[in-house]
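Below is one structure, written out as C-alpha coordinates; the observations come after it.
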Amino acid sequence: MFGFLGPNGAGKTTTMRMIQCISPVTGGSLEVLDMDVSTCQREIKSHMGVVPQENNLDEDFTVYENLLVYSRYFDIPKDEAEKRVEELLDFVQLLEKKDVMTESLSGGMKRRLVLARALINRPDVLILDEPTVGLDPQARHLIWEKLRNLKKQGVTIVLTSHYLDEVEKLCDRLVVMDNGKILVEGSPMGVIEEFIGSDIIEAENNPELLECLQQKEAKYEIIGDTVHIYADNAREISEFLLMECSLSKISARPATLEDVFLKLTGRRLRE
Amino acid sequence: MNPVDYFSIPSVSSRSFKVWQRNKDVFIKNIKLNFLPPFIEPILYLLALGFGLGKFVESIDGVPYARFIAPALIAVSVMYASFFECSYSSYVRMYYQKTFDAMIATPLTIEDVIAGELLWGATRSMINATVMIPVIALFGLIDLKYAVLIIPFAFMGGLLFAAIGMCFTAITPNIMSINYPVLLFITPMFLFSGTFFPLSALPVPIQYFATAFLPLTHIVNVIRTLSYGMLSSSLIFDVAWILFVGIALLVLSINLMKRRLII
(Lines give C-alpha, C1' and ligand atoms only; values in the text may rest on other atoms or scores of the structure.)
Protein backbone atom coordinates (compact mmCIF):
# COMPACT_ATOMS: atom_id res chain seq x y z
CA MET A 1 0.00 0.00 0.00
CA PHE A 2 1.44 3.30 -1.15
CA GLY A 3 0.46 6.78 0.04
CA PHE A 4 0.64 10.20 -1.56
CA LEU A 5 0.64 13.05 0.95
CA GLY A 6 0.70 16.76 0.37
CA PRO A 7 -1.22 19.95 1.03
CA ASN A 8 -4.13 21.03 -1.18
CA GLY A 9 -2.87 21.81 -4.66
CA ALA A 10 0.29 19.71 -4.26
CA GLY A 11 -0.51 17.60 -7.32
CA LYS A 12 -1.84 14.43 -5.68
CA THR A 13 -5.08 14.23 -7.61
CA THR A 14 -3.32 15.15 -10.86
CA THR A 15 -0.89 12.29 -10.24
CA MET A 16 -3.83 9.96 -9.59
CA ARG A 17 -5.51 11.09 -12.79
CA MET A 18 -2.34 10.43 -14.76
CA ILE A 19 -2.13 6.94 -13.28
CA GLN A 20 -5.76 6.42 -14.34
CA CYS A 21 -4.82 7.42 -17.92
CA ILE A 22 -7.17 10.43 -17.80
CA SER A 23 -4.88 13.44 -17.56
CA PRO A 24 -2.16 13.50 -20.21
CA VAL A 25 1.45 13.01 -19.13
CA THR A 26 3.26 16.13 -20.38
CA GLY A 27 6.77 15.11 -19.44
CA GLY A 28 8.70 11.96 -18.53
CA SER A 29 7.14 8.52 -18.68
CA LEU A 30 4.60 6.68 -16.56
CA GLU A 31 4.01 2.96 -16.55
CA VAL A 32 1.23 1.13 -14.74
CA LEU A 33 1.42 -2.68 -14.57
CA ASP A 34 4.36 -2.47 -17.01
CA MET A 35 2.22 -0.67 -19.58
CA ASP A 36 2.63 2.88 -20.84
CA VAL A 37 -0.34 5.06 -19.82
CA SER A 38 -0.36 6.96 -23.10
CA THR A 39 -0.79 3.87 -25.28
CA CYS A 40 -2.53 1.19 -23.19
CA GLN A 41 -5.39 3.11 -21.62
CA ARG A 42 -8.10 0.52 -22.02
CA GLU A 43 -5.86 -2.35 -20.95
CA ILE A 44 -4.63 -0.52 -17.84
CA LYS A 45 -8.09 0.70 -16.90
CA SER A 46 -9.53 -2.79 -17.16
CA HIS A 47 -7.14 -3.87 -14.37
CA MET A 48 -7.75 -0.87 -12.18
CA GLY A 49 -10.33 0.14 -9.60
CA VAL A 50 -10.88 3.78 -8.71
CA VAL A 51 -12.41 5.46 -5.67
CA PRO A 52 -12.51 9.13 -6.69
CA GLN A 53 -12.37 12.05 -4.31
CA GLU A 54 -16.00 12.96 -5.03
CA ASN A 55 -18.63 10.24 -4.97
CA ASN A 56 -19.92 9.75 -8.49
CA LEU A 57 -22.50 7.03 -8.07
CA ASP A 58 -25.19 6.85 -10.72
CA GLU A 59 -28.13 8.58 -9.06
CA ASP A 60 -30.55 7.26 -11.65
CA PHE A 61 -30.11 3.72 -10.33
CA THR A 62 -30.45 1.67 -7.15
CA VAL A 63 -27.47 0.31 -5.22
CA TYR A 64 -27.71 -3.04 -6.98
CA GLU A 65 -28.20 -1.54 -10.44
CA ASN A 66 -25.24 0.78 -9.91
CA LEU A 67 -22.88 -2.16 -9.62
CA LEU A 68 -24.54 -4.15 -12.38
CA VAL A 69 -24.49 -1.28 -14.88
CA TYR A 70 -20.88 -0.57 -13.97
CA SER A 71 -19.93 -4.19 -14.55
CA ARG A 72 -21.07 -3.84 -18.17
CA TYR A 73 -18.45 -1.16 -18.78
CA PHE A 74 -15.87 -3.87 -18.05
CA ASP A 75 -17.56 -6.44 -20.29
CA ILE A 76 -18.20 -8.75 -17.36
CA PRO A 77 -20.76 -11.41 -18.41
CA LYS A 78 -24.12 -10.96 -16.70
CA ASP A 79 -24.15 -14.20 -14.64
CA GLU A 80 -20.68 -13.54 -13.33
CA ALA A 81 -21.53 -9.89 -12.65
CA GLU A 82 -24.64 -10.78 -10.63
CA LYS A 83 -22.56 -13.12 -8.49
CA ARG A 84 -19.89 -10.49 -7.91
CA VAL A 85 -22.44 -7.79 -7.07
CA GLU A 86 -23.94 -9.96 -4.32
CA GLU A 87 -20.48 -10.76 -2.95
CA LEU A 88 -19.34 -7.15 -2.99
CA LEU A 89 -22.52 -5.83 -1.39
CA ASP A 90 -21.95 -8.39 1.34
CA PHE A 91 -18.29 -7.34 1.61
CA VAL A 92 -19.17 -3.66 2.18
CA GLN A 93 -22.24 -4.57 4.30
CA LEU A 94 -24.85 -3.03 2.00
CA LEU A 95 -26.81 -6.15 1.06
CA GLU A 96 -29.98 -4.99 2.81
CA LYS A 97 -29.79 -1.67 0.92
CA LYS A 98 -29.57 -3.24 -2.52
CA ASP A 99 -32.88 -1.88 -3.83
CA VAL A 100 -32.48 1.63 -2.43
CA MET A 101 -31.78 4.58 -4.73
CA THR A 102 -28.26 5.83 -4.08
CA GLU A 103 -29.25 9.40 -3.25
CA SER A 104 -30.92 8.26 -0.03
CA LEU A 105 -27.77 6.54 1.29
CA SER A 106 -25.72 8.11 4.08
CA GLY A 107 -22.24 9.45 3.35
CA GLY A 108 -20.56 6.37 4.78
CA MET A 109 -22.78 4.00 2.79
CA LYS A 110 -22.10 5.90 -0.44
CA ARG A 111 -18.38 5.66 0.17
CA ARG A 112 -18.62 1.92 0.79
CA LEU A 113 -20.65 1.50 -2.37
CA VAL A 114 -18.04 3.43 -4.36
CA LEU A 115 -15.43 1.07 -2.91
CA ALA A 116 -17.51 -1.96 -3.91
CA ARG A 117 -17.91 -0.50 -7.39
CA ALA A 118 -14.14 -0.06 -7.69
CA LEU A 119 -13.75 -3.78 -6.99
CA ILE A 120 -16.24 -5.07 -9.57
CA ASN A 121 -13.50 -5.91 -12.08
CA ARG A 122 -11.29 -7.59 -9.43
CA PRO A 123 -8.58 -4.98 -9.93
CA ASP A 124 -4.86 -5.54 -9.49
CA VAL A 125 -4.42 -1.88 -8.65
CA LEU A 126 -6.83 0.10 -6.50
CA ILE A 127 -6.63 3.91 -6.57
CA LEU A 128 -8.15 5.71 -3.61
CA ASP A 129 -8.36 9.50 -3.64
CA GLU A 130 -9.15 10.47 -0.04
CA PRO A 131 -11.29 7.42 0.65
CA THR A 132 -12.54 8.41 4.10
CA VAL A 133 -13.02 12.15 3.77
CA GLY A 134 -16.07 13.37 5.71
CA LEU A 135 -16.87 10.01 7.30
CA ASP A 136 -17.59 9.29 10.95
CA PRO A 137 -15.04 7.20 12.91
CA GLN A 138 -17.13 4.02 12.58
CA ALA A 139 -17.28 4.28 8.81
CA ARG A 140 -13.57 5.09 8.57
CA HIS A 141 -12.62 2.05 10.63
CA LEU A 142 -14.84 -0.15 8.49
CA ILE A 143 -13.21 1.13 5.29
CA TRP A 144 -9.72 0.61 6.78
CA GLU A 145 -10.60 -2.93 7.71
CA LYS A 146 -11.76 -3.60 4.14
CA LEU A 147 -8.59 -2.08 2.73
CA ARG A 148 -6.34 -4.22 4.95
CA ASN A 149 -8.35 -7.18 3.81
CA LEU A 150 -7.73 -6.33 0.17
CA LYS A 151 -4.04 -5.76 0.81
CA LYS A 152 -3.84 -9.29 2.22
CA GLN A 153 -5.40 -10.57 -0.99
CA GLY A 154 -2.51 -9.02 -2.89
CA VAL A 155 -4.15 -5.91 -4.34
CA THR A 156 -1.78 -2.99 -4.84
CA ILE A 157 -3.38 0.02 -3.20
CA VAL A 158 -2.44 3.62 -3.99
CA LEU A 159 -3.91 6.17 -1.63
CA THR A 160 -4.01 9.93 -1.14
CA SER A 161 -5.21 11.35 2.14
CA HIS A 162 -5.13 14.38 4.37
CA TYR A 163 -5.65 12.16 7.38
CA LEU A 164 -2.11 11.42 8.36
CA ASP A 165 -3.05 8.87 11.00
CA GLU A 166 -4.78 6.96 8.22
CA VAL A 167 -1.67 6.90 6.08
CA GLU A 168 0.55 6.05 9.03
CA LYS A 169 -1.67 3.09 9.90
CA LEU A 170 -2.25 1.74 6.42
CA CYS A 171 0.67 2.50 4.14
CA ASP A 172 3.88 0.55 3.72
CA ARG A 173 5.51 3.34 1.75
CA LEU A 174 4.66 6.95 1.10
CA VAL A 175 5.81 10.16 -0.50
CA VAL A 176 5.20 13.68 0.68
CA MET A 177 4.79 16.06 -2.23
CA ASP A 178 4.27 19.77 -2.73
CA ASN A 179 4.05 21.91 -5.87
CA GLY A 180 4.30 18.80 -8.01
CA LYS A 181 7.64 17.72 -6.49
CA ILE A 182 8.37 14.75 -4.25
CA LEU A 183 9.91 16.01 -1.01
CA VAL A 184 10.53 12.71 0.70
CA GLU A 185 9.94 9.01 0.19
CA GLY A 186 10.04 6.09 2.59
CA SER A 187 8.11 4.05 5.12
CA PRO A 188 6.04 6.01 7.65
CA MET A 189 8.41 5.12 10.51
CA GLY A 190 11.49 5.72 8.38
CA VAL A 191 10.33 9.15 7.34
CA ILE A 192 9.48 10.14 10.91
CA GLU A 193 12.86 9.05 12.20
CA GLU A 194 14.72 10.73 9.40
CA PHE A 195 13.09 14.12 9.78
CA ILE A 196 11.98 14.39 13.38
CA GLY A 197 13.51 11.67 15.51
CA SER A 198 11.34 9.35 17.47
CA ASP A 199 9.90 11.86 19.96
CA ILE A 200 8.78 15.43 20.30
CA ILE A 201 8.91 17.51 23.43
CA GLU A 202 6.49 20.40 23.55
CA ALA A 203 7.36 23.29 25.82
CA GLU A 204 6.05 26.77 26.44
CA ASN A 205 7.80 29.40 24.38
CA ASN A 206 9.96 31.77 26.45
CA PRO A 207 13.26 33.53 25.71
CA GLU A 208 15.05 31.77 28.51
CA LEU A 209 14.27 28.36 27.04
CA LEU A 210 15.35 29.38 23.56
CA GLU A 211 18.68 30.62 24.86
CA CYS A 212 19.17 27.40 26.74
CA LEU A 213 18.31 25.30 23.69
CA GLN A 214 20.69 27.29 21.53
CA GLN A 215 23.48 26.63 24.00
CA LYS A 216 22.82 22.92 23.93
CA GLU A 217 22.55 22.95 20.12
CA ALA A 218 19.23 21.15 20.27
CA LYS A 219 16.99 20.74 17.17
CA TYR A 220 13.82 22.75 17.75
CA GLU A 221 11.11 24.73 16.04
CA ILE A 222 9.00 27.61 17.31
CA ILE A 223 5.30 27.28 16.59
CA GLY A 224 3.33 30.19 17.96
CA ASP A 225 3.45 30.03 21.73
CA THR A 226 4.97 26.55 21.92
CA VAL A 227 8.36 25.13 21.06
CA HIS A 228 8.79 21.68 19.55
CA ILE A 229 12.07 20.04 20.46
CA TYR A 230 12.98 17.05 18.31
CA ALA A 231 14.64 14.20 20.14
CA ASP A 232 15.45 10.53 19.98
CA ASN A 233 15.37 10.01 23.68
CA ALA A 234 12.57 12.03 25.12
CA ARG A 235 12.89 11.03 28.73
CA GLU A 236 16.56 11.89 29.05
CA ILE A 237 16.19 15.17 27.30
CA SER A 238 13.09 16.18 29.22
CA GLU A 239 14.85 15.54 32.49
CA PHE A 240 17.85 17.42 31.23
CA LEU A 241 15.71 20.34 30.11
CA LEU A 242 13.81 20.42 33.37
CA MET A 243 17.04 20.61 35.31
CA GLU A 244 19.13 22.83 33.09
CA CYS A 245 16.63 25.18 31.54
CA SER A 246 14.30 25.72 34.49
CA LEU A 247 11.15 24.83 32.57
CA SER A 248 7.75 24.70 34.13
CA LYS A 249 5.46 22.86 31.74
CA ILE A 250 6.62 20.32 29.19
CA SER A 251 5.16 17.24 27.62
CA ALA A 252 6.75 14.53 25.51
CA ARG A 253 5.01 12.43 22.87
CA PRO A 254 6.01 10.13 20.00
CA ALA A 255 6.51 11.97 16.72
CA THR A 256 3.85 11.44 14.04
CA LEU A 257 3.62 11.84 10.29
CA GLU A 258 1.78 15.07 10.90
CA ASP A 259 4.97 16.56 12.39
CA VAL A 260 6.92 15.49 9.30
CA PHE A 261 4.22 16.82 7.03
CA LEU A 262 4.10 20.23 8.66
CA LYS A 263 7.86 20.47 8.84
CA LEU A 264 8.25 19.70 5.14
CA THR A 265 5.36 21.67 3.70
CA GLY A 266 5.26 24.57 6.13
CA ARG A 267 2.44 25.82 8.26
CA ARG A 268 0.93 28.50 6.11
CA LEU A 269 -2.62 27.84 4.93
CA ARG A 270 -3.25 26.42 1.49
CA GLU A 271 -6.13 27.30 -0.74
CA MET B 1 -5.91 22.83 -29.55
CA ASN B 2 -5.14 23.47 -33.21
CA PRO B 3 -8.19 24.46 -35.30
CA VAL B 4 -7.61 21.36 -37.44
CA ASP B 5 -7.73 19.14 -34.34
CA TYR B 6 -11.37 20.02 -33.78
CA PHE B 7 -12.21 18.00 -36.88
CA SER B 8 -9.75 15.12 -36.39
CA ILE B 9 -11.56 11.80 -36.49
CA PRO B 10 -12.09 10.54 -32.92
CA SER B 11 -11.45 6.87 -32.16
CA VAL B 12 -14.82 5.57 -31.05
CA SER B 13 -15.26 1.90 -30.15
CA SER B 14 -18.27 -0.37 -29.95
CA ARG B 15 -18.13 0.15 -26.18
CA SER B 16 -20.13 3.34 -26.72
CA PHE B 17 -23.07 0.96 -26.93
CA LYS B 18 -22.71 0.41 -23.14
CA VAL B 19 -23.33 4.10 -22.60
CA TRP B 20 -26.36 3.96 -24.89
CA GLN B 21 -27.56 0.94 -22.89
CA ARG B 22 -27.17 2.80 -19.60
CA ASN B 23 -29.33 5.66 -20.84
CA LYS B 24 -31.84 3.25 -22.32
CA ASP B 25 -32.15 1.50 -18.92
CA VAL B 26 -32.89 4.81 -17.19
CA PHE B 27 -35.44 5.61 -19.91
CA ILE B 28 -37.16 2.24 -19.40
CA LYS B 29 -37.31 2.84 -15.63
CA ASN B 30 -39.46 5.93 -16.31
CA ILE B 31 -41.14 4.62 -19.42
CA LYS B 32 -44.64 5.86 -18.65
CA LEU B 33 -43.49 9.42 -18.18
CA ASN B 34 -41.22 9.24 -21.21
CA PHE B 35 -43.88 7.96 -23.58
CA LEU B 36 -46.49 10.52 -22.62
CA PRO B 37 -45.18 13.63 -24.44
CA PRO B 38 -45.01 12.11 -27.95
CA PHE B 39 -48.59 10.87 -27.42
CA ILE B 40 -50.09 14.00 -25.98
CA GLU B 41 -48.23 16.77 -27.77
CA PRO B 42 -49.31 16.01 -31.34
CA ILE B 43 -52.91 15.64 -30.20
CA LEU B 44 -52.85 19.05 -28.51
CA TYR B 45 -51.16 20.79 -31.42
CA LEU B 46 -53.41 19.16 -34.01
CA LEU B 47 -56.53 20.11 -32.09
CA ALA B 48 -55.46 23.71 -31.44
CA LEU B 49 -53.60 24.58 -34.61
CA GLY B 50 -54.66 21.98 -37.15
CA PHE B 51 -58.37 21.97 -36.50
CA GLY B 52 -58.80 25.25 -34.56
CA LEU B 53 -56.60 27.68 -36.44
CA GLY B 54 -56.90 25.52 -39.55
CA LYS B 55 -60.55 26.50 -39.90
CA PHE B 56 -59.41 29.96 -40.91
CA VAL B 57 -56.71 28.75 -43.26
CA GLU B 58 -58.10 27.44 -46.52
CA SER B 59 -55.24 25.22 -47.57
CA ILE B 60 -51.52 25.42 -48.23
CA ASP B 61 -50.34 24.24 -51.66
CA GLY B 62 -53.65 22.44 -51.97
CA VAL B 63 -53.20 20.59 -48.68
CA PRO B 64 -55.50 21.07 -45.65
CA TYR B 65 -53.75 22.97 -42.86
CA ALA B 66 -53.83 20.10 -40.33
CA ARG B 67 -52.20 17.83 -42.86
CA PHE B 68 -49.60 20.52 -43.56
CA ILE B 69 -48.47 20.91 -39.95
CA ALA B 70 -48.72 17.25 -38.87
CA PRO B 71 -45.32 16.27 -40.38
CA ALA B 72 -43.78 19.47 -38.99
CA LEU B 73 -44.83 18.33 -35.51
CA ILE B 74 -42.80 15.14 -36.01
CA ALA B 75 -39.83 17.17 -37.26
CA VAL B 76 -39.99 19.52 -34.26
CA SER B 77 -40.19 16.57 -31.91
CA VAL B 78 -37.11 15.02 -33.59
CA MET B 79 -35.27 18.30 -32.97
CA TYR B 80 -36.38 18.75 -29.37
CA ALA B 81 -35.82 15.15 -28.27
CA SER B 82 -32.16 14.88 -29.22
CA PHE B 83 -31.23 18.51 -28.68
CA PHE B 84 -32.54 18.52 -25.11
CA GLU B 85 -31.17 15.05 -24.38
CA CYS B 86 -27.66 16.06 -25.41
CA SER B 87 -27.75 19.57 -23.93
CA TYR B 88 -29.50 19.80 -20.57
CA SER B 89 -29.59 16.08 -19.82
CA SER B 90 -26.02 15.40 -20.88
CA TYR B 91 -24.87 18.46 -18.94
CA VAL B 92 -26.58 17.15 -15.81
CA ARG B 93 -24.92 13.76 -16.26
CA MET B 94 -21.55 15.35 -16.93
CA TYR B 95 -21.49 18.12 -14.34
CA TYR B 96 -23.91 17.30 -11.53
CA GLN B 97 -24.06 13.51 -11.54
CA LYS B 98 -20.42 13.02 -12.62
CA THR B 99 -21.59 10.00 -14.57
CA PHE B 100 -18.97 10.57 -17.26
CA ASP B 101 -16.15 10.67 -14.70
CA ALA B 102 -17.26 7.31 -13.34
CA MET B 103 -17.43 5.87 -16.86
CA ILE B 104 -13.97 6.97 -17.97
CA ALA B 105 -12.43 5.21 -14.98
CA THR B 106 -13.38 1.99 -16.80
CA PRO B 107 -12.15 0.73 -20.20
CA LEU B 108 -14.50 3.29 -21.79
CA THR B 109 -12.80 6.36 -23.23
CA ILE B 110 -14.28 9.84 -23.30
CA GLU B 111 -14.91 9.40 -27.04
CA ASP B 112 -16.95 6.25 -26.34
CA VAL B 113 -18.97 8.05 -23.69
CA ILE B 114 -19.86 11.02 -25.90
CA ALA B 115 -20.60 8.80 -28.89
CA GLY B 116 -22.95 6.76 -26.69
CA GLU B 117 -24.71 9.92 -25.55
CA LEU B 118 -25.13 11.11 -29.15
CA LEU B 119 -26.49 7.75 -30.28
CA TRP B 120 -28.92 7.80 -27.40
CA GLY B 121 -30.08 11.32 -28.25
CA ALA B 122 -30.80 10.20 -31.81
CA THR B 123 -32.60 7.14 -30.47
CA ARG B 124 -34.92 9.39 -28.49
CA SER B 125 -35.77 11.30 -31.65
CA MET B 126 -36.51 8.02 -33.37
CA ILE B 127 -38.70 6.81 -30.49
CA ASN B 128 -40.70 10.05 -30.59
CA ALA B 129 -41.25 9.80 -34.34
CA THR B 130 -42.26 6.15 -34.00
CA VAL B 131 -44.87 7.00 -31.39
CA MET B 132 -46.19 10.04 -33.23
CA ILE B 133 -46.72 8.47 -36.65
CA PRO B 134 -49.60 6.18 -35.54
CA VAL B 135 -51.15 8.97 -33.45
CA ILE B 136 -51.18 11.27 -36.47
CA ALA B 137 -52.37 8.42 -38.67
CA LEU B 138 -55.38 8.05 -36.37
CA PHE B 139 -56.40 11.56 -37.42
CA GLY B 140 -55.94 10.48 -41.00
CA LEU B 141 -53.29 13.12 -41.58
CA ILE B 142 -50.47 10.98 -42.93
CA ASP B 143 -50.12 8.81 -46.03
CA LEU B 144 -48.70 5.51 -44.79
CA LYS B 145 -47.02 4.61 -48.09
CA TYR B 146 -43.56 5.93 -47.17
CA ALA B 147 -44.29 6.76 -43.51
CA VAL B 148 -42.06 3.97 -42.25
CA LEU B 149 -39.07 5.71 -43.87
CA ILE B 150 -39.60 8.57 -41.45
CA ILE B 151 -38.37 6.35 -38.61
CA PRO B 152 -34.76 5.80 -39.78
CA PHE B 153 -34.73 9.36 -41.06
CA ALA B 154 -35.68 10.56 -37.57
CA PHE B 155 -32.58 8.80 -36.26
CA MET B 156 -30.41 10.57 -38.82
CA GLY B 157 -31.93 13.99 -38.08
CA GLY B 158 -31.71 13.13 -34.39
CA LEU B 159 -27.95 12.63 -34.69
CA LEU B 160 -27.62 16.09 -36.20
CA PHE B 161 -29.49 17.79 -33.37
CA ALA B 162 -27.74 15.61 -30.79
CA ALA B 163 -24.42 16.92 -32.14
CA ILE B 164 -25.67 20.51 -32.01
CA GLY B 165 -26.80 20.04 -28.39
CA MET B 166 -23.51 18.39 -27.44
CA CYS B 167 -21.48 21.25 -28.95
CA PHE B 168 -23.31 23.69 -26.69
CA THR B 169 -22.85 21.37 -23.70
CA ALA B 170 -19.12 21.39 -24.41
CA ILE B 171 -18.78 25.16 -24.46
CA THR B 172 -21.43 26.36 -22.02
CA PRO B 173 -20.02 27.82 -18.79
CA ASN B 174 -23.03 26.61 -16.79
CA ILE B 175 -26.42 24.98 -17.24
CA MET B 176 -28.33 28.29 -17.31
CA SER B 177 -26.38 29.45 -20.36
CA ILE B 178 -27.89 26.66 -22.45
CA ASN B 179 -30.98 28.90 -22.45
CA TYR B 180 -29.20 31.17 -24.97
CA PRO B 181 -29.00 28.69 -27.85
CA VAL B 182 -32.55 27.57 -27.04
CA LEU B 183 -33.86 31.11 -27.25
CA LEU B 184 -31.73 32.33 -30.15
CA PHE B 185 -31.45 29.21 -32.27
CA ILE B 186 -33.90 26.44 -31.41
CA THR B 187 -37.01 28.57 -30.88
CA PRO B 188 -36.60 30.64 -34.10
CA MET B 189 -36.05 27.38 -35.93
CA PHE B 190 -39.26 26.00 -34.45
CA LEU B 191 -41.12 28.93 -36.00
CA PHE B 192 -39.27 29.78 -39.22
CA SER B 193 -38.34 26.48 -40.85
CA GLY B 194 -41.46 25.96 -42.90
CA THR B 195 -43.12 24.40 -39.89
CA PHE B 196 -46.41 26.30 -39.48
CA PHE B 197 -46.33 28.24 -42.74
CA PRO B 198 -44.38 27.60 -45.93
CA LEU B 199 -40.93 29.12 -46.35
CA SER B 200 -42.14 30.82 -49.54
CA ALA B 201 -44.13 33.28 -47.37
CA LEU B 202 -40.83 34.76 -46.15
CA PRO B 203 -38.66 37.31 -48.00
CA VAL B 204 -36.33 35.59 -50.44
CA PRO B 205 -33.04 36.34 -48.58
CA ILE B 206 -34.50 34.79 -45.44
CA GLN B 207 -35.57 31.75 -47.44
CA TYR B 208 -31.98 31.30 -48.56
CA PHE B 209 -30.73 31.84 -45.02
CA ALA B 210 -33.13 29.21 -43.67
CA THR B 211 -32.13 26.68 -46.31
CA ALA B 212 -28.43 27.27 -45.75
CA PHE B 213 -28.27 27.49 -41.97
CA LEU B 214 -31.41 26.12 -40.31
CA PRO B 215 -31.19 22.33 -40.07
CA LEU B 216 -34.86 21.98 -39.21
CA THR B 217 -35.80 23.27 -42.69
CA HIS B 218 -34.36 20.12 -44.22
CA ILE B 219 -35.87 17.80 -41.63
CA VAL B 220 -39.32 19.35 -42.20
CA ASN B 221 -38.93 19.06 -45.97
CA VAL B 222 -38.08 15.37 -45.90
CA ILE B 223 -40.70 14.35 -43.34
CA ARG B 224 -43.39 16.42 -45.06
CA THR B 225 -42.66 14.92 -48.47
CA LEU B 226 -42.66 11.39 -47.08
CA SER B 227 -45.85 11.94 -45.11
CA TYR B 228 -47.62 13.15 -48.28
CA GLY B 229 -46.74 9.72 -49.68
CA MET B 230 -44.30 11.19 -52.18
CA LEU B 231 -40.65 10.86 -53.07
CA SER B 232 -38.87 13.71 -54.76
CA SER B 233 -35.39 14.37 -56.08
CA SER B 234 -35.15 17.46 -53.87
CA LEU B 235 -34.90 15.06 -50.92
CA ILE B 236 -31.39 14.14 -52.07
CA PHE B 237 -30.25 17.69 -51.43
CA ASP B 238 -31.84 17.76 -47.97
CA VAL B 239 -30.38 14.40 -46.97
CA ALA B 240 -26.94 15.37 -48.31
CA TRP B 241 -27.08 18.62 -46.32
CA ILE B 242 -28.03 16.74 -43.14
CA LEU B 243 -25.32 14.12 -43.67
CA PHE B 244 -22.56 16.61 -44.39
CA VAL B 245 -23.36 19.04 -41.57
CA GLY B 246 -24.30 16.20 -39.23
CA ILE B 247 -21.01 14.33 -39.62
CA ALA B 248 -18.96 17.52 -39.25
CA LEU B 249 -20.81 18.47 -36.07
CA LEU B 250 -20.64 14.95 -34.61
CA VAL B 251 -16.86 15.00 -34.97
CA LEU B 252 -16.67 18.54 -33.64
CA SER B 253 -18.87 17.81 -30.63
CA ILE B 254 -16.77 14.81 -29.56
CA ASN B 255 -13.54 16.80 -29.86
CA LEU B 256 -15.00 19.76 -27.98
CA MET B 257 -16.15 17.50 -25.16
CA LYS B 258 -12.75 15.85 -25.06
CA ARG B 259 -11.15 19.25 -24.64
CA ARG B 260 -13.61 20.11 -21.88
CA LEU B 261 -13.25 16.90 -19.91
CA ILE B 262 -9.58 16.02 -20.19
CA ILE B 263 -7.11 18.24 -18.29
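Please note that chains go A, B, ... in the order of the C-alpha coordinates, that every chain numbers its residues from 1, and that ligands are numbered from 1 in the order shown.
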
*Residues of chain B within 10 Å of chain A, counting only C-alpha atoms, as an MDAnalysis selection string*: chainID B and resid 15:19 21:23 25:27 29 93 96:110 261:263

*Name the residues of stretch 2-225 of chain B that come out as alpha helix (DSSP H) in a backbone DSSP run; write them as an NGL selection string.*
:B and (16-29 or 31-45 or 65-84 or 90-91 or 99-103 or 110-138 or 150-171 or 179-181 or 187-192 or 204-213 or 215-225)

*Determine the nearest neighbour of B:Val76 from the options B:Phe35, B:Tyr88, B:Phe155, B:Phe190, counting only C-alpha atoms.*
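Using only C-alpha atoms, B:Val76 sits closest to B:Phe190.
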
Would you pick out the contacts of A:Val176 at 10 Å or less, using only C-alpha atoms, so that residues sharing its chain but fewer than 5 positions from it are not included, and give the list as a CSV table (one decimal) with N, CA and C atoms, in the first residue's frame?
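Written output follows (out-v6.csv):
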chain,number,residue,atom,x,y,z
A,3,GLY,N,1.2,5.6,-0.2
A,3,GLY,CA,0.5,6.8,0.0
A,3,GLY,C,1.1,8.0,-0.6
A,4,PHE,N,0.2,8.9,-1.1
A,4,PHE,CA,0.6,10.2,-1.6
A,4,PHE,C,0.1,11.2,-0.6
A,5,LEU,N,1.0,12.0,0.0
A,5,LEU,CA,0.6,13.0,0.9
A,5,LEU,C,1.0,14.4,0.4
A,6,GLY,N,0.3,15.4,0.8
A,6,GLY,CA,0.7,16.8,0.4
A,6,GLY,C,-0.4,17.7,0.6
A,7,PRO,N,-0.1,19.0,0.8
A,7,PRO,CA,-1.2,20.0,1.0
A,7,PRO,C,-2.1,20.1,-0.2
A,10,ALA,N,-1.1,20.2,-4.1
A,10,ALA,CA,0.3,19.7,-4.3
A,10,ALA,C,0.5,18.9,-5.5
A,12,LYS,N,-1.5,15.8,-6.0
A,12,LYS,CA,-1.8,14.4,-5.7
A,12,LYS,C,-2.9,13.9,-6.7
A,181,LYS,N,6.3,18.4,-6.7
A,181,LYS,CA,7.6,17.7,-6.5
A,181,LYS,C,7.6,16.8,-5.3
A,182,ILE,N,8.3,15.7,-5.4
A,182,ILE,CA,8.4,14.8,-4.2
A,182,ILE,C,9.4,15.3,-3.3
A,183,LEU,N,9.0,15.5,-2.0
A,183,LEU,CA,9.9,16.0,-1.0
A,183,LEU,C,10.6,14.9,-0.3
A,184,VAL,N,9.9,13.8,-0.1
A,184,VAL,CA,10.5,12.7,0.7
A,184,VAL,C,9.8,11.4,0.4
A,185,GLU,N,10.5,10.3,0.5
A,185,GLU,CA,9.9,9.0,0.2
A,185,GLU,C,10.4,8.0,1.2
A,186,GLY,N,9.6,7.1,1.7
A,186,GLY,CA,10.0,6.1,2.6
A,186,GLY,C,8.9,5.4,3.3
A,191,VAL,N,10.4,7.7,7.6
A,191,VAL,CA,10.3,9.2,7.3
A,191,VAL,C,10.3,10.0,8.6
A,257,LEU,N,3.5,11.4,11.7
A,257,LEU,CA,3.6,11.8,10.3
A,257,LEU,C,3.2,13.3,10.1
A,260,VAL,N,6.1,15.5,10.5
A,260,VAL,CA,6.9,15.5,9.3
A,260,VAL,C,6.3,16.4,8.2
A,261,PHE,N,5.0,16.1,8.1
A,261,PHE,CA,4.2,16.8,7.0
A,261,PHE,C,4.3,18.3,7.2
A,264,LEU,N,7.8,19.7,6.5
A,264,LEU,CA,8.3,19.7,5.1
A,264,LEU,C,7.5,20.7,4.3
A,265,THR,N,6.2,20.9,4.6
A,265,THR,CA,5.4,21.7,3.7
A,265,THR,C,5.0,23.0,4.3
